[in-house]
Amino acid sequence: MKILFIHQNFPGQFLHLAPELARRGHDCLVLTDAANNRPTDIPFVKYRYAPPAVDPKETRLGRNYTTMSDRGVAVARAARTLRDENGYTPDLILGHSGWGETLFLKEIWPGARLVIYAEFYYRGQGLDMGFDPEFSAPGLDGLMIAQGRAAHLGQALVHADAGIAPTEWQASTFPPVLRQMLTVLHDGIDTDLVRPDPQAQLELPSGRVLTAGDEVVSFVNRNLEPYRGWHIFARALPEVLQARPEAQVVIVGGDGVSYGQPPADGGTWKDALLREVGPRLDLSRVHFLGRVPRETFVRLMQVTRVHAYLTYPFVLSWSLLEAMAAGALVVGSRTRPVEEVIRDGVNGVLVDFFDTTAWSSALIAALSEPDRFRALRAAARSSVVERYDLHSHCLPRLVSYVEAQAAVPPAH
């Protein structure tokens, strides 16, 4: 097949799928944003998207749709150039729906089968919106704005032929009429590369070297923010450090905002929480690494004695599954995305998202009684190998799904 991948930050979720399809002889091409400089061996074409300024007073509920659909217009025009000037027509289009890129592709190639990666469907109530009353207690206007953020996601799926979602819970966020279009297929975790290593070491910027025998607490997010429980974790730390004088806390994440809003008084969420709890922390034992290379993250998961993972009811992080694949003991938030992966007392520990005292107790127990949780660490890895392993499970299923699309005519 001639397969066109659409992703503004390619490879993204197609990191393993695109090269495997190319290896199997399919003619693969990528259409991505001109600002994307991530390396790839797949041939690519770039589109240019310069978002116009959006006046909130004029666009109101439609401002998110305006931004996303404008990107979709840029992609469609680049697609038209591919068609008209290069004679390019794909058999199958695989694109992420999150940024509006796939919205108008059926107008360019009505005969191509369009399959979108459907990651999450926003709602006014019941998911991330309003989950944390400390930072999100919206009135009716806020609820309508949140629901309005789904407009381009619904349109993308309605005008596609099918979609894939990475987890059952994420698929369940879509309305039933759209959920029936989705097949749950996770991207996969390379458990050959991400695996336990009792000899692993991690050198900190200070020069100190941590090993698998040390009392290490880890916390990893793309950015340190409430959506991923940074505030809860930070508030649990003073009690943990007081109870465990040898504990070292390693925190990975940037200072930006991936989801939600920045602090009301400006600055970063990292600084906001350090102002709150910093005076009660031994900061010589709290190590902020910022964003790190993948190899550093894997070594951290191999040496950590306990890894804390929290999330609102939102997209599940790859880092959780990779932590489990590395044999880490994960203490996770008892929220629905996490409950799909972790069974309390079987392959990890679950704690109520907002119970700071319970978080402190769980982390202290994990640090002080490592032998007690040895079986959970082994079960964590086994469950990821069984359900999410890239080579034996996820990638073969993804490839079979994609190749089966050749036998199905476009629905539109």
# chains A, B, ... in the order shown; residues from 1 in each chain; ligands from 1
call {"tool": "residues_around", "arguments": {"residues": "Ala362 of chain A", "least_positions_apart": "6", "cutoff": "8 Å", "atoms": "only C-alpha atoms", "output": "PDB file with C-alpha atoms, in the first residue's frame"}}
result
ATOM      1  CA  VAL A 331       2.535   3.668  43.516  1.00  0.00           C
ATOM      2  CA  VAL A 349      -0.049  -0.010  44.753  1.00  0.00           C
ATOM      3  CA  VAL A 351      -3.643   5.441  46.415  1.00  0.00           C
TER       4      VAL A 351
END
call {"tool": "residues_around", "arguments": {"residues": "Ser361 of chain A", "least_positions_apart": "6", "cutoff": "12 Å", "atoms": "only C-alpha atoms", "output": "list of chain:residue names"}}
result
A:Phe233, A:Ala236, A:Leu237, A:Pro238, A:Glu239, A:Val240, A:Leu241, A:Gln242, A:Ala243, A:Arg244, A:Val331, A:Val349, A:Leu350, A:Val351, A:Asp355, A:Leu367, A:Ser368, A:Glu369
call {"tool": "closest_residue", "arguments": {"among": "A:Ile116, A:Val30, A:Val315, A:Val399", "to": "Pro43 of chain A", "atoms": "only C-alpha atoms"}}
result
A:Val30
call {"tool": "select_by_dssp", "arguments": {"residues": "segment 84-313 of chain A", "states": "alpha helix (DSSP H)", "output": "number ranges by chain"}}
result
A: 84-86, 105-108, 140-148, 151-158, 168-172, 176-179, 230-243, 269-277, 294-303
call {"tool": "write_last_selection", "arguments": {"atoms": "C-alpha atoms", "output": "PDB file, in the first residue's frame"}}
result
ATOM      1  CA  ASP A  84      -1.704  17.991  -8.170  1.00  0.00           C
ATOM      2  CA  GLU A  85       2.021  18.634  -8.602  1.00  0.00           C
ATOM      3  CA  ASN A  86       3.454  15.250  -7.635  1.00  0.00           C
ATOM      4  CA  LEU A 105      -8.066  15.195   3.858  1.00  0.00           C
ATOM      5  CA  LYS A 106     -11.146  13.411   2.488  1.00  0.00           C
ATOM      6  CA  GLU A 107     -11.735  16.481   0.342  1.00  0.00           C
ATOM      7  CA  ILE A 108      -8.346  15.900  -1.282  1.00  0.00           C
ATOM      8  CA  LEU A 140     -21.184  26.761  33.198  1.00  0.00           C
ATOM      9  CA  ASP A 141     -18.991  28.805  30.851  1.00  0.00           C
ATOM     10  CA  GLY A 142     -15.969  26.677  31.734  1.00  0.00           C
ATOM     11  CA  LEU A 143     -17.892  23.466  31.153  1.00  0.00           C
ATOM     12  CA  MET A 144     -19.072  24.660  27.760  1.00  0.00           C
ATOM     13  CA  ILE A 145     -15.557  25.694  26.779  1.00  0.00           C
ATOM     14  CA  ALA A 146     -14.260  22.249  27.778  1.00  0.00           C
ATOM     15  CA  GLN A 147     -16.943  20.461  25.774  1.00  0.00           C
ATOM     16  CA  GLY A 148     -16.243  22.788  22.849  1.00  0.00           C
ATOM     17  CA  ALA A 151     -15.530  19.787  18.250  1.00  0.00           C
ATOM     18  CA  HIS A 152     -12.573  19.024  15.981  1.00  0.00           C
ATOM     19  CA  LEU A 153     -12.106  15.576  17.543  1.00  0.00           C
ATOM     20  CA  GLY A 154     -15.673  14.577  16.775  1.00  0.00           C
ATOM     21  CA  GLN A 155     -15.476  15.985  13.261  1.00  0.00           C
ATOM     22  CA  ALA A 156     -12.182  14.179  12.628  1.00  0.00           C
ATOM     23  CA  LEU A 157     -13.668  10.798  13.503  1.00  0.00           C
ATOM     24  CA  VAL A 158     -16.991  11.368  11.752  1.00  0.00           C
ATOM     25  CA  GLU A 168      -9.881   0.879  26.660  1.00  0.00           C
ATOM     26  CA  TRP A 169     -10.478   3.789  28.999  1.00  0.00           C
ATOM     27  CA  GLN A 170      -9.315   6.390  26.486  1.00  0.00           C
ATOM     28  CA  ALA A 171     -11.598   4.823  23.891  1.00  0.00           C
ATOM     29  CA  SER A 172     -14.460   5.030  26.398  1.00  0.00           C
ATOM     30  CA  PRO A 176     -20.985   5.653  21.955  1.00  0.00           C
ATOM     31  CA  VAL A 177     -21.760   6.550  18.338  1.00  0.00           C
ATOM     32  CA  LEU A 178     -18.057   7.307  17.815  1.00  0.00           C
ATOM     33  CA  ARG A 179     -16.684   4.648  20.152  1.00  0.00           C
ATOM     34  CA  TRP A 230       2.948  17.253  40.959  1.00  0.00           C
ATOM     35  CA  HIS A 231       1.239  19.198  43.755  1.00  0.00           C
ATOM     36  CA  ILE A 232       0.154  16.035  45.585  1.00  0.00           C
ATOM     37  CA  PHE A 233       3.567  14.405  45.255  1.00  0.00           C
ATOM     38  CA  ALA A 234       5.379  17.545  46.437  1.00  0.00           C
ATOM     39  CA  ARG A 235       3.145  17.814  49.491  1.00  0.00           C
ATOM     40  CA  ALA A 236       3.826  14.166  50.389  1.00  0.00           C
ATOM     41  CA  LEU A 237       7.604  14.580  50.321  1.00  0.00           C
ATOM     42  CA  PRO A 238       8.303  16.340  53.655  1.00  0.00           C
ATOM     43  CA  GLU A 239       6.964  13.402  55.667  1.00  0.00           C
ATOM     44  CA  VAL A 240       8.790  10.909  53.438  1.00  0.00           C
ATOM     45  CA  LEU A 241      12.157  12.635  53.808  1.00  0.00           C
ATOM     46  CA  GLN A 242      11.697  13.029  57.535  1.00  0.00           C
ATOM     47  CA  ALA A 243      10.882   9.334  57.988  1.00  0.00           C
ATOM     48  CA  TRP A 269       4.210  24.956  39.099  1.00  0.00           C
ATOM     49  CA  LYS A 270       7.589  23.718  40.289  1.00  0.00           C
ATOM     50  CA  ASP A 271       8.341  27.037  41.959  1.00  0.00           C
ATOM     51  CA  ALA A 272       4.795  27.389  43.298  1.00  0.00           C
ATOM     52  CA  LEU A 273       5.027  24.081  45.172  1.00  0.00           C
ATOM     53  CA  LEU A 274       8.573  24.703  46.350  1.00  0.00           C
ATOM     54  CA  ARG A 275       7.401  27.962  47.889  1.00  0.00           C
ATOM     55  CA  GLU A 276       4.724  25.971  49.695  1.00  0.00           C
ATOM     56  CA  VAL A 277       6.670  22.924  50.892  1.00  0.00           C
ATOM     57  CA  ARG A 294      15.511   8.344  27.199  1.00  0.00           C
ATOM     58  CA  GLU A 295      18.557   6.400  28.419  1.00  0.00           C
ATOM     59  CA  THR A 296      18.639   8.441  31.626  1.00  0.00           C
ATOM     60  CA  PHE A 297      14.941   7.816  32.227  1.00  0.00           C
ATOM     61  CA  VAL A 298      15.391   4.058  31.780  1.00  0.00           C
ATOM     62  CA  ARG A 299      18.310   3.981  34.219  1.00  0.00           C
ATOM     63  CA  LEU A 300      16.235   5.906  36.732  1.00  0.00           C
ATOM     64  CA  MET A 301      13.443   3.347  36.457  1.00  0.00           C
ATOM     65  CA  GLN A 302      16.015   0.567  36.950  1.00  0.00           C
ATOM     66  CA  VAL A 303      17.466   2.059  40.139  1.00  0.00           C
TER      67      VAL A 303
END
call {"tool": "closest_residue", "arguments": {"among": "A:Pro337, A:Pro39, A:Gly348, A:Pro226", "to": "Leu127 of chain A", "atoms": "only C-alpha atoms"}}
result
A:Pro337
call {"tool": "residues_around", "arguments": {"residues": "Glu101 of chain A", "least_positions_apart": "3", "cutoff": "9 Å", "atoms": "only C-alpha atoms", "output": "PyMOL selection string"}}
result
chain A and resi 6-8+68-76+95-98+104-105+156
call {"tool": "select_by_dssp", "arguments": {"residues": "segment 31-170 of chain A", "states": "strand (DSSP E)", "output": "list of chain:residue names"}}
result
A:Leu31, A:Thr32, A:Asp33, A:Phe44, A:Val45, A:Lys46, A:Tyr47, A:Leu92, A:Ile93, A:Leu94, A:Gly95, A:His96, A:Arg113, A:Leu114, A:Val115, A:Ile116, A:Tyr117, A:Ala162, A:Gly163, A:Ile164, A:Ala165
call {"tool": "write_last_selection", "arguments": {"atoms": "C-alpha atoms", "output": "tab-separated table (two decimals), in the first residue's frame"}}
result
chain	number	residue	atom	x	y	z
A	31	LEU	CA	3.48	14.85	6.09
A	32	THR	CA	4.58	16.86	9.12
A	33	ASP	CA	4.97	20.40	10.42
A	44	PHE	CA	8.77	13.16	4.45
A	45	VAL	CA	7.18	16.35	3.18
A	46	LYS	CA	6.58	19.36	5.40
A	47	TYR	CA	3.71	21.81	5.58
A	92	LEU	CA	-4.35	4.70	3.34
A	93	ILE	CA	-3.90	7.76	5.54
A	94	LEU	CA	-2.91	7.33	9.20
A	95	GLY	CA	-3.08	10.54	11.21
A	96	HIS	CA	-3.41	11.83	14.75
A	113	ARG	CA	-9.09	5.09	3.52
A	114	LEU	CA	-8.57	7.41	6.50
A	115	VAL	CA	-7.75	5.95	9.92
A	116	ILE	CA	-7.12	8.34	12.78
A	117	TYR	CA	-5.33	7.93	16.09
A	162	ALA	CA	-12.06	4.17	11.41
A	163	GLY	CA	-9.88	4.97	14.38
A	164	ILE	CA	-7.55	3.43	16.88
A	165	ALA	CA	-7.20	4.28	20.58
call {"tool": "atom_distance", "arguments": {"atom1": "atom CA of Gly290 of chain A", "atom2": "atom CA of Gly254 of chain A"}}
result
5.0 Å
call {"tool": "residues_around", "arguments": {"residues": "segment 404-411 of chain A", "least_positions_apart": "6", "cutoff": "7 Å", "atoms": "only C-alpha atoms", "output": "PyMOL selection string"}}
result
chain A and resi 111-113+161
call {"tool": "write_last_selection", "arguments": {"atoms": "N, CA and C atoms", "output": "PDB file, in the first residue's frame"}}
result
ATOM      1  N   GLY A 111     -10.956   8.835  -2.185  1.00  0.00           N
ATOM      2  CA  GLY A 111     -10.843   7.393  -2.365  1.00  0.00           C
ATOM      3  C   GLY A 111      -9.884   6.716  -1.423  1.00  0.00           C
ATOM      4  N   ALA A 112      -9.155   7.496  -0.632  1.00  0.00           N
ATOM      5  CA  ALA A 112      -8.218   6.912   0.333  1.00  0.00           C
ATOM      6  C   ALA A 112      -8.959   6.535   1.607  1.00  0.00           C
ATOM      7  N   ARG A 113      -8.513   5.475   2.233  1.00  0.00           N
ATOM      8  CA  ARG A 113      -9.091   5.090   3.519  1.00  0.00           C
ATOM      9  C   ARG A 113      -8.368   5.870   4.610  1.00  0.00           C
ATOM     10  N   ASP A 161     -12.702   6.885   8.311  1.00  0.00           N
ATOM     11  CA  ASP A 161     -13.293   5.566   8.092  1.00  0.00           C
ATOM     12  C   ASP A 161     -13.224   4.702   9.341  1.00  0.00           C
TER      13      ASP A 161
END
call {"tool": "closest_residue", "arguments": {"among": "A:Arg123, A:His26, A:Arg228, A:Arg80", "to": "Val338 of chain A", "atoms": "only C-alpha atoms"}}
result
A:Arg228
call {"tool": "closest_residue", "arguments": {"among": "A:Leu224, A:Val402, A:Ala247, A:Leu15", "to": "Ser284 of chain A", "atoms": "only C-alpha atoms"}}
result
A:Ala247
call {"tool": "residues_around", "arguments": {"residues": "segment 130-139 of chain A", "least_positions_apart": "4", "cutoff": "10 Å", "atoms": "only C-alpha atoms", "output": "ChimeraX atom specification"}}
result
/A:124-126,143-146,226-227,229,260-264,312-313,353-354
call {"tool": "write_last_selection", "arguments": {"atoms": "C-alpha atoms", "output": "JSON list (two decimals), in the first residue's frame"}}
result
[["chain", "number", "residue", "atom", "x", "y", "z"],
["A", 124, "GLY", "CA", -17.46, 19.28, 30.11],
["A", 125, "GLN", "CA", -17.94, 16.93, 33.06],
["A", 126, "GLY", "CA", -16.83, 13.52, 34.26],
["A", 143, "LEU", "CA", -17.89, 23.47, 31.15],
["A", 144, "MET", "CA", -19.07, 24.66, 27.76],
["A", 145, "ILE", "CA", -15.56, 25.69, 26.78],
["A", 146, "ALA", "CA", -14.26, 22.25, 27.78],
["A", 226, "PRO", "CA", -1.28, 19.42, 38.61],
["A", 227, "TYR", "CA", -2.69, 17.28, 35.76],
["A", 229, "GLY", "CA", -0.21, 15.22, 40.37],
["A", 260, "GLY", "CA", -4.35, 22.83, 32.11],
["A", 261, "GLN", "CA", -3.33, 26.34, 33.12],
["A", 262, "PRO", "CA", -0.20, 27.93, 34.61],
["A", 263, "PRO", "CA", -0.32, 29.18, 38.22],
["A", 264, "ALA", "CA", -2.68, 32.10, 38.69],
["A", 312, "TYR", "CA", -6.17, 13.17, 36.39],
["A", 313, "PRO", "CA", -8.67, 11.09, 34.34],
["A", 353, "PHE", "CA", -5.21, 10.88, 44.13],
["A", 354, "PHE", "CA", -5.88, 13.57, 46.75]]
